[in-house]
Amino acid sequence: MAWRGLAQRGWGCGQPWAPPAGGRSCEELTAALAQPRLLGRRFNFFIQQKCGFRKAPRKVEPRRSDTGTSSEAYKRSALIPPVEETAFYPSPYPIRTLVKPLFFTVGFTGCAFGSAAIWQYESLKSRVQSYFDGIKADWLDSIRPQKEGDFRKEINKWWNNLSDGQRTVTGIIAANVFVFCLWRVPSLQRTMIRYFTSSPASKVLCSPMLLSTFSHFSLFHMAANMYVLWSFSSSIVNILGQEQFMAVYLSAGVISNFVSYVCKVATGRYGPSLGASGAIMTVLAAVCTKIPEGRLAIIFLPMFTFTAGNALKAIIAMDTAGMILGWKFFDHAAHLGGALFGIWYITYGHELIWKNREPLVKIWHEMRTNGPKKGGGSK
């Protein structure tokens, strides 16, 4: 180095330097030894390093799951929110991150079907009373003077004209619209990203598996999903019933997200996901499996029709290819997991789960019939 050679010539062939007896400071020594201006600057740098200046500590950056910047890693699809300001920290032991989601998936699925069984019991019990209440309401309407242009009456008329399936999914669609509006509130962005997007690298693992099923950042994404859900609502509720459908739909959202977690951990792509596509794929696959000869058509191309069985095969093939090839516009692993769950439930799950709900219903019936025992004194 040039500054090292100059130091050796100025100090006498590299002899060890010692401060003079007068106790001159480093600045005075620098001014005395500096000869050329350019070389003096280099020599000053050497003396300053010896006088105690240290290099700035190296800044430790958070570990990223994908190569490149965060905006390149996560802002790949217009269907997900921009999360470049949110850091995801993958665990050094990624398999362990799947333990809690696995237990949550099993526990939530069991609670969903148990609650649906109790809900069905209570619904059957109240239908007789509802029937007599309906007769009484019709009699009162016949003797009560009718109001012209009554808005409430028009709403009731529209609601009564809906099928059971359409009335069931109306609440689901309303919840999705409400969450979509929350995405438009700037002060809620961090909360929405934390709890309404699912990723195995997030600090919150379990609750987003359910909440992200009702979360859409793109209006087109939400409109497309809700249109498909509305179109298949009557068929799936006629097959399963209202209570069983709700249990299948909610469980499908959690199960499809768990399959997405497994795929992300296996591939190392920890980008966030959101949307009801996994649960809707379960509904679509269940209907196509139960009615494979049904005719379907694309909304923008109604002149082309195809069977439900062929449509299901094409969707599974496309999602399998997308998962293997790493396509990043959709969460193909969640789609595939939802479709496989729908096929399995219609083929085997209904017999294994729903038809074995009788013990739980009996326990609930005994609790409702006996009720809490009143305590009394001894005679």
# chains A, B, ... in the order shown; residues from 1 in each chain; ligands from 1

$ select_by_dssp --residues "range 199-324 of chain A" --states "strand (DSSP E or B)" --output "MDAnalysis selection string"
chainID A and resid 273 295:298 301:307

$ residues_around --residues "Ile118 in chain A" --least-positions-apart "2" --cutoff "12 Å" --atoms "only C-alpha atoms" --output "NGL selection string"
:A and (111-116 or 120-125 or 243-244 or 247 or 354 or 357-365 or 367-368)

$ write_last_selection --atoms "N, CA and C atoms" --output "short mmCIF file (atom, residue, chain, number, x, y, z; two decimals), in the first residue's frame"
data_model
loop_
_atom_site.label_atom_id
_atom_site.label_comp_id
_atom_site.auth_asym_id
_atom_site.auth_seq_id
_atom_site.Cartn_x
_atom_site.Cartn_y
_atom_site.Cartn_z
N CYS A 111 -64.55 -28.90 15.79
CA CYS A 111 -65.51 -27.97 16.40
C CYS A 111 -66.55 -27.51 15.39
N ALA A 112 -66.14 -27.31 14.13
CA ALA A 112 -67.08 -26.87 13.10
C ALA A 112 -68.17 -27.90 12.87
N PHE A 113 -67.79 -29.16 12.74
CA PHE A 113 -68.79 -30.20 12.50
C PHE A 113 -69.62 -30.48 13.75
N GLY A 114 -69.02 -30.40 14.94
CA GLY A 114 -69.80 -30.55 16.16
C GLY A 114 -70.82 -29.44 16.33
N SER A 115 -70.41 -28.21 16.06
CA SER A 115 -71.35 -27.10 16.16
C SER A 115 -72.46 -27.22 15.12
N ALA A 116 -72.11 -27.70 13.91
CA ALA A 116 -73.13 -27.87 12.87
C ALA A 116 -74.16 -28.92 13.27
N GLN A 120 -78.09 -28.13 13.71
CA GLN A 120 -79.16 -28.85 13.02
C GLN A 120 -80.20 -29.37 14.00
N TYR A 121 -79.75 -29.86 15.15
CA TYR A 121 -80.70 -30.33 16.17
C TYR A 121 -81.62 -29.20 16.63
N GLU A 122 -81.05 -28.04 16.90
CA GLU A 122 -81.85 -26.91 17.34
C GLU A 122 -82.79 -26.43 16.23
N SER A 123 -82.34 -26.50 14.99
CA SER A 123 -83.19 -26.08 13.87
C SER A 123 -84.39 -26.99 13.72
N LEU A 124 -84.16 -28.30 13.80
CA LEU A 124 -85.27 -29.24 13.70
C LEU A 124 -86.26 -29.06 14.84
N LYS A 125 -85.73 -28.75 16.00
CA LYS A 125 -86.59 -28.59 17.17
C LYS A 125 -87.47 -27.35 17.08
N GLU A 243 -76.59 -26.63 7.50
CA GLU A 243 -75.65 -26.74 8.61
C GLU A 243 -74.37 -27.46 8.19
N GLN A 244 -74.54 -28.57 7.49
CA GLN A 244 -73.36 -29.32 7.05
C GLN A 244 -72.54 -28.51 6.05
N ALA A 247 -70.28 -26.10 7.90
CA ALA A 247 -69.13 -26.79 8.50
C ALA A 247 -68.09 -27.14 7.44
N TRP A 354 -70.29 -37.01 9.19
CA TRP A 354 -71.63 -36.49 9.45
C TRP A 354 -72.59 -37.56 9.94
N ARG A 357 -72.57 -38.45 13.86
CA ARG A 357 -72.76 -37.34 14.80
C ARG A 357 -73.77 -37.67 15.89
N GLU A 358 -74.42 -38.82 15.81
CA GLU A 358 -75.51 -39.15 16.73
C GLU A 358 -75.09 -39.14 18.19
N PRO A 359 -73.92 -39.69 18.59
CA PRO A 359 -73.55 -39.62 20.01
C PRO A 359 -73.47 -38.20 20.55
N LEU A 360 -72.93 -37.29 19.77
CA LEU A 360 -72.86 -35.90 20.22
C LEU A 360 -74.24 -35.30 20.36
N VAL A 361 -75.11 -35.59 19.41
CA VAL A 361 -76.47 -35.05 19.47
C VAL A 361 -77.22 -35.60 20.68
N LYS A 362 -77.01 -36.88 21.02
CA LYS A 362 -77.65 -37.45 22.20
C LYS A 362 -77.19 -36.78 23.47
N ILE A 363 -75.89 -36.51 23.56
CA ILE A 363 -75.37 -35.82 24.75
C ILE A 363 -75.99 -34.43 24.86
N TRP A 364 -76.09 -33.73 23.76
CA TRP A 364 -76.68 -32.39 23.77
C TRP A 364 -78.17 -32.46 24.12
N HIS A 365 -78.85 -33.47 23.60
CA HIS A 365 -80.28 -33.62 23.90
C HIS A 365 -80.50 -33.87 25.39
N MET A 367 -78.54 -32.95 27.82
CA MET A 367 -78.25 -31.70 28.53
C MET A 367 -79.41 -30.73 28.44
N ARG A 368 -80.04 -30.65 27.26
CA ARG A 368 -81.17 -29.74 27.10
C ARG A 368 -82.42 -30.23 27.83
#

$ closest_atom_pairs --of "range 206-248 of chain A" --to "range 261-285 of chain A" --cutoff "6 Å" --atoms "only C-alpha atoms" --output "CSV"
residue,atom,partner,partner_atom,distance
A:Ser212,CA,A:Leu274,CA,4.9
A:Thr213,CA,A:Ala276,CA,4.5
A:Phe214,CA,A:Ala276,CA,6.0
A:Ser215,CA,A:Gly275,CA,5.2
A:His216,CA,A:Gly275,CA,5.2

$ closest_residue --among "A:His350, A:Arg152, A:Arg127, A:His335" --to "Ala252 in chain A" --atoms "only C-alpha atoms"
A:His335

$ closest_residue --among "A:Gln242, A:Ser198, A:Asn257, A:Asn176" --to "Asn225 in chain A" --atoms "only C-alpha atoms"
A:Asn176

$ closest_residue --among "A:Gly110, A:Gly342, A:Gly294, A:Gly171" --to "Met226 in chain A" --atoms "only C-alpha atoms"
A:Gly171

$ atom_distance --atom1 "CA of Ala117 in chain A" --atom2 "CA of Gly241 in chain A"
11.1 Å

$ closest_residue --among "A:Leu182, A:Ala317, A:Met209, A:Met303" --to "Tyr195 in chain A" --atoms "only C-alpha atoms"
A:Met209

$ select_by_dssp --residues "range 267-359 of chain A" --states "helix (DSSP H, G or I)" --output "number ranges by chain"
A: 267, 277-290, 308-325, 332-352, 354-356, 358-359

$ closest_residue --among "A:Trp327, A:Phe245, A:Tyr227, A:Phe220" --to "Ile298 in chain A" --atoms "only C-alpha atoms"
A:Tyr227

$ residues_around --residues "Lys100 in chain A" --least-positions-apart "6" --cutoff "12 Å" --atoms "only C-alpha atoms" --output "list of chain:residue names"
A:Pro94, A:Val106, A:Gly107, A:Phe108, A:Pro200, A:Lys203, A:Val204, A:Leu205, A:Cys206, A:Ser207, A:Met209, A:Phe258, A:Tyr261

$ atom_distance --atom1 "CA of Tyr348 in chain A" --atom2 "CA of Val248 in chain A"
13.2 Å

$ atom_distance --atom1 "CA of Val287 in chain A" --atom2 "CA of Gly349 in chain A"
14.2 Å

$ residues_around --residues "range 164-170 of chain A" --least-positions-apart "2" --cutoff "9 Å" --atoms "only C-alpha atoms" --output "list in words"
Trp159, Asn160, Leu162, Ile172, Ile173, Ala174, Ala175, Met226, Leu229, Trp230, Ser231, Phe232, Ser233, Ser234, Ser235, Ile236, Val237, Asn238, Gly241, Gln242, Phe245 and Met246 of chain A

$ write_last_selection --atoms "C-alpha atoms" --output "compact mmCIF listing (two decimals), in the first residue's frame"
# COMPACT_ATOMS: atom_id res chain seq x y z
CA TRP A 159 -85.60 -12.75 0.78
CA ASN A 160 -88.38 -15.33 0.67
CA LEU A 162 -84.28 -16.87 -2.55
CA ILE A 172 -70.77 -15.17 3.72
CA ILE A 173 -70.86 -12.62 0.90
CA ALA A 174 -71.72 -9.82 3.35
CA ALA A 175 -68.74 -10.78 5.54
CA MET A 226 -68.56 -14.55 -4.76
CA LEU A 229 -70.13 -19.24 -4.66
CA TRP A 230 -73.56 -17.79 -5.46
CA SER A 231 -73.84 -19.94 -8.60
CA PHE A 232 -73.13 -23.22 -6.76
CA SER A 233 -74.90 -22.32 -3.51
CA SER A 234 -78.26 -23.92 -4.32
CA SER A 235 -76.69 -27.18 -5.49
CA ILE A 236 -74.31 -27.62 -2.57
CA VAL A 237 -76.96 -26.80 0.07
CA ASN A 238 -79.40 -29.23 -1.55
CA GLY A 241 -77.97 -29.11 3.93
CA GLN A 242 -77.43 -25.68 5.43
CA PHE A 245 -72.48 -26.90 4.23
CA MET A 246 -71.31 -24.25 6.70
